[in-house]
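Right, one structure below, let's go through it.
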Amino acid sequence: MSDSFDVLVIGGGAAGLAAALILGRSRRSVLVVDAGEPRNAPAEGVHNYLGREGVGPRELTRIGREEVAQYGVRSTAGRIVAASATPLTTSDPVGFTATLDTGETVTARRVVVASGAVDVLPDVPGLAEQWGRGVVHCPFCHGWEVRDSHIGVLVTTPFGAHQALMWRALSEHVTVFVTDPALADDAARAGLAARGITVVDDSVVQVLATDGALTGVALASGSTVELDALAAASTAEARVDGLEGLALVAVDQFMGDFRFGSAVSAGPTGATDVPGVWAVGNVASPMATVIVSAAAGTTAGAAVHGDLIQADLAAALSTVRG
């Protein structure tokens, strides 16, 4: 494998592969490095992805890798453990060197970071084991699959009441568990009551399951509530390990005073404050769905290609003038 590329794509999910696809079709040499830890791996299917509705997350990436390979894009399993800005030519001040966990070192003129995010879950025994299956977080992503069932909503953020109303649109059987009275004021409770949503002021101390299927929750009071699904919010933390040498950092993300995760700051095309580095997908937008992440990857890939064209033009003009 060549160790020098036009573009290094870090992350082989929908965002990274979409960027690689448009770059490969533009005849750029591209290497995709993928750690094989997609955020949506626990889910049975990807939803709201027009043309691929319900496809398994790993199946979608398998299809994507096959598609990009048609255009000369190379993919390798691994993770980046170190990276630095290193100009590769005298005509282009931008360039990068990256080291994989295999010990291999590669260089690239530009970098697309599509490394995704990690979901930090509420600290409730049994919840992590059901994440993406019996424990769901997004009514758009999982709502149809649990429609008309008994749904619990674990309120751990100031937006829990709003989430409960969204789940109520999918089922008449919604129960809200308020872990902290401050998270549901009188107005929120009035709205929940108006929609026939049961409110339980008690802490969930365990998620219950039988034969791998969620059956309910146990409460601090000692009682249990039977459920078919439990909605819970995570904190999405950007994956930027190994990228410290690029001066690429994850910034806290807030809704009002509430911190809901971290992300790399990037503009409309994915361009970051680091020249030559783009960030797309959940690493830059924690709440982006799979299809939105793919669209962001396409936009960034086109922007990277345009940036390389300008760099090549400047080099050519410099040679002519010289």
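By order in the structure tokens, chains are A, B, ...; within a chain, residues start at 1; ligands start at 1, following the order shown.
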Run DSSP on the backbone and give me the residues of range 95-177 of chain A it puts in strand (DSSP E or B), as a PyMOL selection string.
-> chain A and resi 96-100+105-113+117-120+131+135-136+151-155+174-177
Test item: residues at most 12 Å from Val55 in chain A, only C-alpha atoms, excluding those fewer than 5 positions along its chain, as JSON, numbers by chain | {"A": [40, 41, 43, 44, 45, 46, 47, 48, 49, 50, 60, 61, 62, 63, 290]}
Excluding same-chain residues fewer than 5 positions from Glu129 in chain A, what lies within 10 Å of it counting only C-alpha atoms, as a VMD selection string?
-> chain A and resid 42 134 to 135 207 209 212 to 214
Kindly save the residues from that selection, with all heavy atoms included, as a PDB file, in the first residue's frame.
ATOM      1  N   PRO A  42     -25.054  -1.035  17.875  1.00  0.00           N
ATOM      2  CA  PRO A  42     -26.048  -1.830  18.596  1.00  0.00           C
ATOM      3  C   PRO A  42     -27.421  -1.878  17.932  1.00  0.00           C
ATOM      4  O   PRO A  42     -28.238  -2.761  18.238  1.00  0.00           O
ATOM      5  CB  PRO A  42     -26.147  -1.126  19.961  1.00  0.00           C
ATOM      6  CG  PRO A  42     -24.878  -0.350  20.092  1.00  0.00           C
ATOM      7  CD  PRO A  42     -24.557   0.081  18.699  1.00  0.00           C
ATOM      8  N   GLY A 134     -33.687  -2.546  23.514  1.00  0.00           N
ATOM      9  CA  GLY A 134     -34.797  -2.208  24.389  1.00  0.00           C
ATOM     10  C   GLY A 134     -34.719  -0.794  24.916  1.00  0.00           C
ATOM     11  O   GLY A 134     -35.748  -0.175  25.243  1.00  0.00           O
ATOM     12  N   VAL A 135     -33.506  -0.260  25.033  1.00  0.00           N
ATOM     13  CA  VAL A 135     -33.314   1.131  25.436  1.00  0.00           C
ATOM     14  C   VAL A 135     -33.038   1.955  24.180  1.00  0.00           C
ATOM     15  O   VAL A 135     -32.059   1.687  23.453  1.00  0.00           O
ATOM     16  CB  VAL A 135     -32.152   1.277  26.440  1.00  0.00           C
ATOM     17  CG1 VAL A 135     -31.897   2.756  26.743  1.00  0.00           C
ATOM     18  CG2 VAL A 135     -32.466   0.526  27.725  1.00  0.00           C
ATOM     19  N   VAL A 207     -32.529  -1.562  34.941  1.00  0.00           N
ATOM     20  CA  VAL A 207     -33.306  -1.944  33.770  1.00  0.00           C
ATOM     21  C   VAL A 207     -33.418  -3.464  33.781  1.00  0.00           C
ATOM     22  O   VAL A 207     -32.412  -4.172  33.866  1.00  0.00           O
ATOM     23  CB  VAL A 207     -32.642  -1.457  32.473  1.00  0.00           C
ATOM     24  CG1 VAL A 207     -33.372  -2.011  31.245  1.00  0.00           C
ATOM     25  CG2 VAL A 207     -32.619   0.072  32.426  1.00  0.00           C
ATOM     26  N   ALA A 209     -34.565  -7.259  32.327  1.00  0.00           N
ATOM     27  CA  ALA A 209     -34.659  -7.976  31.056  1.00  0.00           C
ATOM     28  C   ALA A 209     -34.787  -9.467  31.325  1.00  0.00           C
ATOM     29  O   ALA A 209     -34.297  -9.985  32.329  1.00  0.00           O
ATOM     30  CB  ALA A 209     -33.431  -7.699  30.196  1.00  0.00           C
ATOM     31  N   GLY A 212     -32.714 -11.593  27.312  1.00  0.00           N
ATOM     32  CA  GLY A 212     -32.159 -10.555  26.463  1.00  0.00           C
ATOM     33  C   GLY A 212     -33.127  -9.471  26.040  1.00  0.00           C
ATOM     34  O   GLY A 212     -32.733  -8.515  25.374  1.00  0.00           O
ATOM     35  N   ALA A 213     -34.406  -9.591  26.428  1.00  0.00           N
ATOM     36  CA  ALA A 213     -35.398  -8.592  26.037  1.00  0.00           C
ATOM     37  C   ALA A 213     -35.816  -7.754  27.246  1.00  0.00           C
ATOM     38  O   ALA A 213     -36.073  -8.292  28.332  1.00  0.00           O
ATOM     39  CB  ALA A 213     -36.624  -9.275  25.444  1.00  0.00           C
ATOM     40  N   LEU A 214     -35.859  -6.445  27.061  1.00  0.00           N
ATOM     41  CA  LEU A 214     -36.257  -5.545  28.141  1.00  0.00           C
ATOM     42  C   LEU A 214     -37.688  -5.849  28.583  1.00  0.00           C
ATOM     43  O   LEU A 214     -38.590  -6.025  27.745  1.00  0.00           O
ATOM     44  CB  LEU A 214     -36.129  -4.101  27.683  1.00  0.00           C
ATOM     45  CG  LEU A 214     -36.387  -3.022  28.741  1.00  0.00           C
ATOM     46  CD1 LEU A 214     -35.473  -1.832  28.513  1.00  0.00           C
ATOM     47  CD2 LEU A 214     -37.851  -2.557  28.694  1.00  0.00           C
TER      48      LEU A 214
END
Skip Val264 in chain A itself and residues of its chain fewer than 2 positions away, then list as a PDB file with all heavy atoms, in the first residue's frame all residues within 9 Å of it, counting only C-alpha atoms.
ATOM      1  N   ALA A 238     -17.271  13.610  21.299  1.00  0.00           N
ATOM      2  CA  ALA A 238     -16.541  13.473  20.041  1.00  0.00           C
ATOM      3  C   ALA A 238     -15.307  12.597  20.210  1.00  0.00           C
ATOM      4  O   ALA A 238     -14.589  12.700  21.211  1.00  0.00           O
ATOM      5  CB  ALA A 238     -16.136  14.845  19.513  1.00  0.00           C
ATOM      6  N   VAL A 240     -11.773  12.169  19.414  1.00  0.00           N
ATOM      7  CA  VAL A 240     -10.622  12.907  18.888  1.00  0.00           C
ATOM      8  C   VAL A 240      -9.305  12.362  19.425  1.00  0.00           C
ATOM      9  O   VAL A 240      -8.261  12.994  19.266  1.00  0.00           O
ATOM     10  CB  VAL A 240     -10.743  14.419  19.194  1.00  0.00           C
ATOM     11  CG1 VAL A 240     -11.877  15.049  18.399  1.00  0.00           C
ATOM     12  CG2 VAL A 240     -10.940  14.659  20.688  1.00  0.00           C
ATOM     13  N   LEU A 248      -6.560  19.774  17.130  1.00  0.00           N
ATOM     14  CA  LEU A 248      -7.993  19.617  16.921  1.00  0.00           C
ATOM     15  C   LEU A 248      -8.609  19.191  18.254  1.00  0.00           C
ATOM     16  O   LEU A 248      -8.269  18.145  18.793  1.00  0.00           O
ATOM     17  CB  LEU A 248      -8.245  18.544  15.859  1.00  0.00           C
ATOM     18  CG  LEU A 248      -9.605  18.536  15.180  1.00  0.00           C
ATOM     19  CD1 LEU A 248      -9.785  19.807  14.357  1.00  0.00           C
ATOM     20  CD2 LEU A 248      -9.733  17.305  14.291  1.00  0.00           C
ATOM     21  N   VAL A 249      -9.515  20.002  18.794  1.00  0.00           N
ATOM     22  CA  VAL A 249     -10.075  19.724  20.112  1.00  0.00           C
ATOM     23  C   VAL A 249     -11.597  19.678  20.044  1.00  0.00           C
ATOM     24  O   VAL A 249     -12.227  20.287  19.169  1.00  0.00           O
ATOM     25  CB  VAL A 249      -9.639  20.781  21.145  1.00  0.00           C
ATOM     26  CG1 VAL A 249      -8.134  20.761  21.319  1.00  0.00           C
ATOM     27  CG2 VAL A 249     -10.102  22.174  20.722  1.00  0.00           C
ATOM     28  N   ALA A 250     -12.168  18.918  20.969  1.00  0.00           N
ATOM     29  CA  ALA A 250     -13.614  18.853  21.084  1.00  0.00           C
ATOM     30  C   ALA A 250     -14.086  19.940  22.049  1.00  0.00           C
ATOM     31  O   ALA A 250     -13.540  20.103  23.137  1.00  0.00           O
ATOM     32  CB  ALA A 250     -14.037  17.483  21.586  1.00  0.00           C
ATOM     33  N   VAL A 251     -15.094  20.672  21.644  1.00  0.00           N
ATOM     34  CA  VAL A 251     -15.626  21.790  22.431  1.00  0.00           C
ATOM     35  C   VAL A 251     -16.967  21.380  23.030  1.00  0.00           C
ATOM     36  O   VAL A 251     -17.799  20.743  22.367  1.00  0.00           O
ATOM     37  CB  VAL A 251     -15.807  23.034  21.531  1.00  0.00           C
ATOM     38  CG1 VAL A 251     -16.376  24.204  22.333  1.00  0.00           C
ATOM     39  CG2 VAL A 251     -14.478  23.419  20.888  1.00  0.00           C
ATOM     40  N   ASP A 252     -17.198  21.748  24.289  1.00  0.00           N
ATOM     41  CA  ASP A 252     -18.469  21.438  24.948  1.00  0.00           C
ATOM     42  C   ASP A 252     -19.630  22.030  24.161  1.00  0.00           C
ATOM     43  O   ASP A 252     -19.565  23.167  23.665  1.00  0.00           O
ATOM     44  CB  ASP A 252     -18.482  21.990  26.371  1.00  0.00           C
ATOM     45  CG  ASP A 252     -17.554  21.235  27.305  1.00  0.00           C
ATOM     46  OD1 ASP A 252     -17.190  20.088  26.974  1.00  0.00           O
ATOM     47  OD2 ASP A 252     -17.202  21.783  28.365  1.00  0.00           O
ATOM     48  N   SER A 262     -19.913  16.945  23.301  1.00  0.00           N
ATOM     49  CA  SER A 262     -18.790  17.720  22.774  1.00  0.00           C
ATOM     50  C   SER A 262     -18.683  17.477  21.282  1.00  0.00           C
ATOM     51  O   SER A 262     -19.153  16.454  20.763  1.00  0.00           O
ATOM     52  CB  SER A 262     -17.478  17.326  23.468  1.00  0.00           C
ATOM     53  OG  SER A 262     -17.170  15.958  23.224  1.00  0.00           O
ATOM     54  N   ALA A 266     -16.780  23.182  13.279  1.00  0.00           N
ATOM     55  CA  ALA A 266     -16.564  23.141  11.835  1.00  0.00           C
ATOM     56  C   ALA A 266     -17.601  24.021  11.143  1.00  0.00           C
ATOM     57  O   ALA A 266     -18.717  24.194  11.643  1.00  0.00           O
ATOM     58  CB  ALA A 266     -16.662  21.712  11.315  1.00  0.00           C
ATOM     59  N   THR A 272     -12.463  23.071   9.469  1.00  0.00           N
ATOM     60  CA  THR A 272     -12.163  23.427  10.853  1.00  0.00           C
ATOM     61  C   THR A 272     -11.233  24.629  10.889  1.00  0.00           C
ATOM     62  O   THR A 272     -10.837  25.167   9.849  1.00  0.00           O
ATOM     63  CB  THR A 272     -11.502  22.249  11.586  1.00  0.00           C
ATOM     64  OG1 THR A 272     -10.171  22.068  11.084  1.00  0.00           O
ATOM     65  CG2 THR A 272     -12.303  20.965  11.409  1.00  0.00           C
ATOM     66  N   ALA A 279     -13.982  18.318   9.352  1.00  0.00           N
ATOM     67  CA  ALA A 279     -14.606  17.410  10.315  1.00  0.00           C
ATOM     68  C   ALA A 279     -16.083  17.267   9.967  1.00  0.00           C
ATOM     69  O   ALA A 279     -16.786  18.277   9.783  1.00  0.00           O
ATOM     70  CB  ALA A 279     -14.449  17.924  11.744  1.00  0.00           C
ATOM     71  N   VAL A 280     -16.558  16.021   9.867  1.00  0.00           N
ATOM     72  CA  VAL A 280     -17.934  15.784   9.437  1.00  0.00           C
ATOM     73  C   VAL A 280     -18.559  14.636  10.228  1.00  0.00           C
ATOM     74  O   VAL A 280     -17.867  13.822  10.830  1.00  0.00           O
ATOM     75  CB  VAL A 280     -18.001  15.445   7.937  1.00  0.00           C
ATOM     76  CG1 VAL A 280     -17.613  16.640   7.090  1.00  0.00           C
ATOM     77  CG2 VAL A 280     -17.097  14.250   7.601  1.00  0.00           C
ATOM     78  N   VAL A 283     -18.758  13.577  14.855  1.00  0.00           N
ATOM     79  CA  VAL A 283     -17.633  14.226  15.536  1.00  0.00           C
ATOM     80  C   VAL A 283     -17.802  15.738  15.534  1.00  0.00           C
ATOM     81  O   VAL A 283     -17.305  16.434  16.420  1.00  0.00           O
ATOM     82  CB  VAL A 283     -16.292  13.827  14.880  1.00  0.00           C
ATOM     83  CG1 VAL A 283     -16.101  14.508  13.520  1.00  0.00           C
ATOM     84  CG2 VAL A 283     -15.119  14.150  15.789  1.00  0.00           C
ATOM     85  N   ALA A 284     -18.547  16.252  14.548  1.00  0.00           N
ATOM     86  CA  ALA A 284     -18.788  17.688  14.449  1.00  0.00           C
ATOM     87  C   ALA A 284     -20.238  18.067  14.750  1.00  0.00           C
ATOM     88  O   ALA A 284     -20.514  19.222  15.072  1.00  0.00           O
ATOM     89  CB  ALA A 284     -18.428  18.187  13.047  1.00  0.00           C
ATOM     90  N   SER A 285     -21.134  17.096  14.658  1.00  0.00           N
ATOM     91  CA  SER A 285     -22.561  17.349  14.872  1.00  0.00           C
ATOM     92  C   SER A 285     -23.171  16.147  15.579  1.00  0.00           C
ATOM     93  O   SER A 285     -23.653  15.216  14.932  1.00  0.00           O
ATOM     94  CB  SER A 285     -23.262  17.589  13.523  1.00  0.00           C
ATOM     95  OG  SER A 285     -24.635  17.875  13.697  1.00  0.00           O
TER      96      SER A 285
END
Those of range 20-247 of chain A in DSSP helix (DSSP H, G or I), formatted as a VMD selection string | chain A and resid 20 to 25 57 to 69 127 to 130 139 to 142 144 to 146 160 to 168 181 to 183 186 to 194 244 to 246
Using only C-alpha atoms, please write the residues we just selected to a file, as a PDB file, in the first residue's frame.
ATOM      1  CA  ALA A  20     -14.204   9.253   0.118  1.00  0.00           C
ATOM      2  CA  LEU A  21     -16.728   8.487  -2.621  1.00  0.00           C
ATOM      3  CA  ILE A  22     -16.854  11.973  -4.123  1.00  0.00           C
ATOM      4  CA  LEU A  23     -13.072  12.319  -3.788  1.00  0.00           C
ATOM      5  CA  GLY A  24     -12.450   8.958  -5.422  1.00  0.00           C
ATOM      6  CA  ARG A  25     -14.749   9.845  -8.295  1.00  0.00           C
ATOM      7  CA  PRO A  57     -25.431  -0.415  10.180  1.00  0.00           C
ATOM      8  CA  ARG A  58     -22.534  -2.737   9.329  1.00  0.00           C
ATOM      9  CA  GLU A  59     -24.194  -3.771   6.080  1.00  0.00           C
ATOM     10  CA  LEU A  60     -24.428  -0.110   5.066  1.00  0.00           C
ATOM     11  CA  THR A  61     -20.712   0.420   5.677  1.00  0.00           C
ATOM     12  CA  ARG A  62     -19.887  -2.823   3.829  1.00  0.00           C
ATOM     13  CA  ILE A  63     -21.818  -1.575   0.810  1.00  0.00           C
ATOM     14  CA  GLY A  64     -20.108   1.811   1.119  1.00  0.00           C
ATOM     15  CA  ARG A  65     -16.627   0.284   1.199  1.00  0.00           C
ATOM     16  CA  GLU A  66     -17.397  -1.724  -1.935  1.00  0.00           C
ATOM     17  CA  GLU A  67     -18.674   1.377  -3.701  1.00  0.00           C
ATOM     18  CA  VAL A  68     -15.671   3.564  -2.898  1.00  0.00           C
ATOM     19  CA  ALA A  69     -13.276   0.768  -3.866  1.00  0.00           C
ATOM     20  CA  LEU A 127     -29.198   0.016  30.668  1.00  0.00           C
ATOM     21  CA  ALA A 128     -26.008  -0.305  28.615  1.00  0.00           C
ATOM     22  CA  GLU A 129     -26.785  -3.941  27.770  1.00  0.00           C
ATOM     23  CA  GLN A 130     -30.083  -2.863  26.196  1.00  0.00           C
ATOM     24  CA  PRO A 139     -38.171   8.731  18.323  1.00  0.00           C
ATOM     25  CA  PHE A 140     -37.248   9.308  14.684  1.00  0.00           C
ATOM     26  CA  CYS A 141     -34.729   6.459  14.702  1.00  0.00           C
ATOM     27  CA  HIS A 142     -36.627   3.919  16.822  1.00  0.00           C
ATOM     28  CA  TRP A 144     -41.875   3.122  14.540  1.00  0.00           C
ATOM     29  CA  GLU A 145     -40.369  -0.064  15.931  1.00  0.00           C
ATOM     30  CA  VAL A 146     -41.883   0.519  19.413  1.00  0.00           C
ATOM     31  CA  GLY A 160     -37.080  15.077  28.956  1.00  0.00           C
ATOM     32  CA  ALA A 161     -40.672  16.308  29.045  1.00  0.00           C
ATOM     33  CA  HIS A 162     -40.477  17.346  25.397  1.00  0.00           C
ATOM     34  CA  GLN A 163     -39.033  13.938  24.523  1.00  0.00           C
ATOM     35  CA  ALA A 164     -41.945  12.298  26.330  1.00  0.00           C
ATOM     36  CA  LEU A 165     -44.418  14.228  24.183  1.00  0.00           C
ATOM     37  CA  MET A 166     -42.622  13.010  21.066  1.00  0.00           C
ATOM     38  CA  TRP A 167     -42.923   9.395  22.237  1.00  0.00           C
ATOM     39  CA  ARG A 168     -46.588  10.028  23.069  1.00  0.00           C
ATOM     40  CA  PRO A 181     -37.997  17.260  40.406  1.00  0.00           C
ATOM     41  CA  ALA A 182     -36.133  20.256  38.980  1.00  0.00           C
ATOM     42  CA  LEU A 183     -36.236  18.606  35.531  1.00  0.00           C
ATOM     43  CA  ASP A 186     -45.443  22.646  36.758  1.00  0.00           C
ATOM     44  CA  ALA A 187     -45.902  23.677  33.143  1.00  0.00           C
ATOM     45  CA  ALA A 188     -44.160  20.545  31.895  1.00  0.00           C
ATOM     46  CA  ARG A 189     -46.226  18.346  34.200  1.00  0.00           C
ATOM     47  CA  ALA A 190     -49.447  20.002  33.050  1.00  0.00           C
ATOM     48  CA  GLY A 191     -48.525  19.271  29.447  1.00  0.00           C
ATOM     49  CA  LEU A 192     -47.741  15.644  30.229  1.00  0.00           C
ATOM     50  CA  ALA A 193     -51.003  15.234  32.115  1.00  0.00           C
ATOM     51  CA  ALA A 194     -52.964  16.780  29.263  1.00  0.00           C
ATOM     52  CA  GLU A 244      -3.988  16.082  19.584  1.00  0.00           C
ATOM     53  CA  GLY A 245      -1.030  16.800  17.296  1.00  0.00           C
ATOM     54  CA  LEU A 246      -3.377  18.537  14.861  1.00  0.00           C
TER      55      LEU A 246
END
Could you check which of A:Asn282, A:Ser265, A:Thr210, A:Ser149 is closest to Asp228 in chain A, using only C-alpha atoms?
-> A:Ser149
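The spacing separating CA of Ala231 in chain A from CA of Thr215 in chain A amounts to 13.2 Å.
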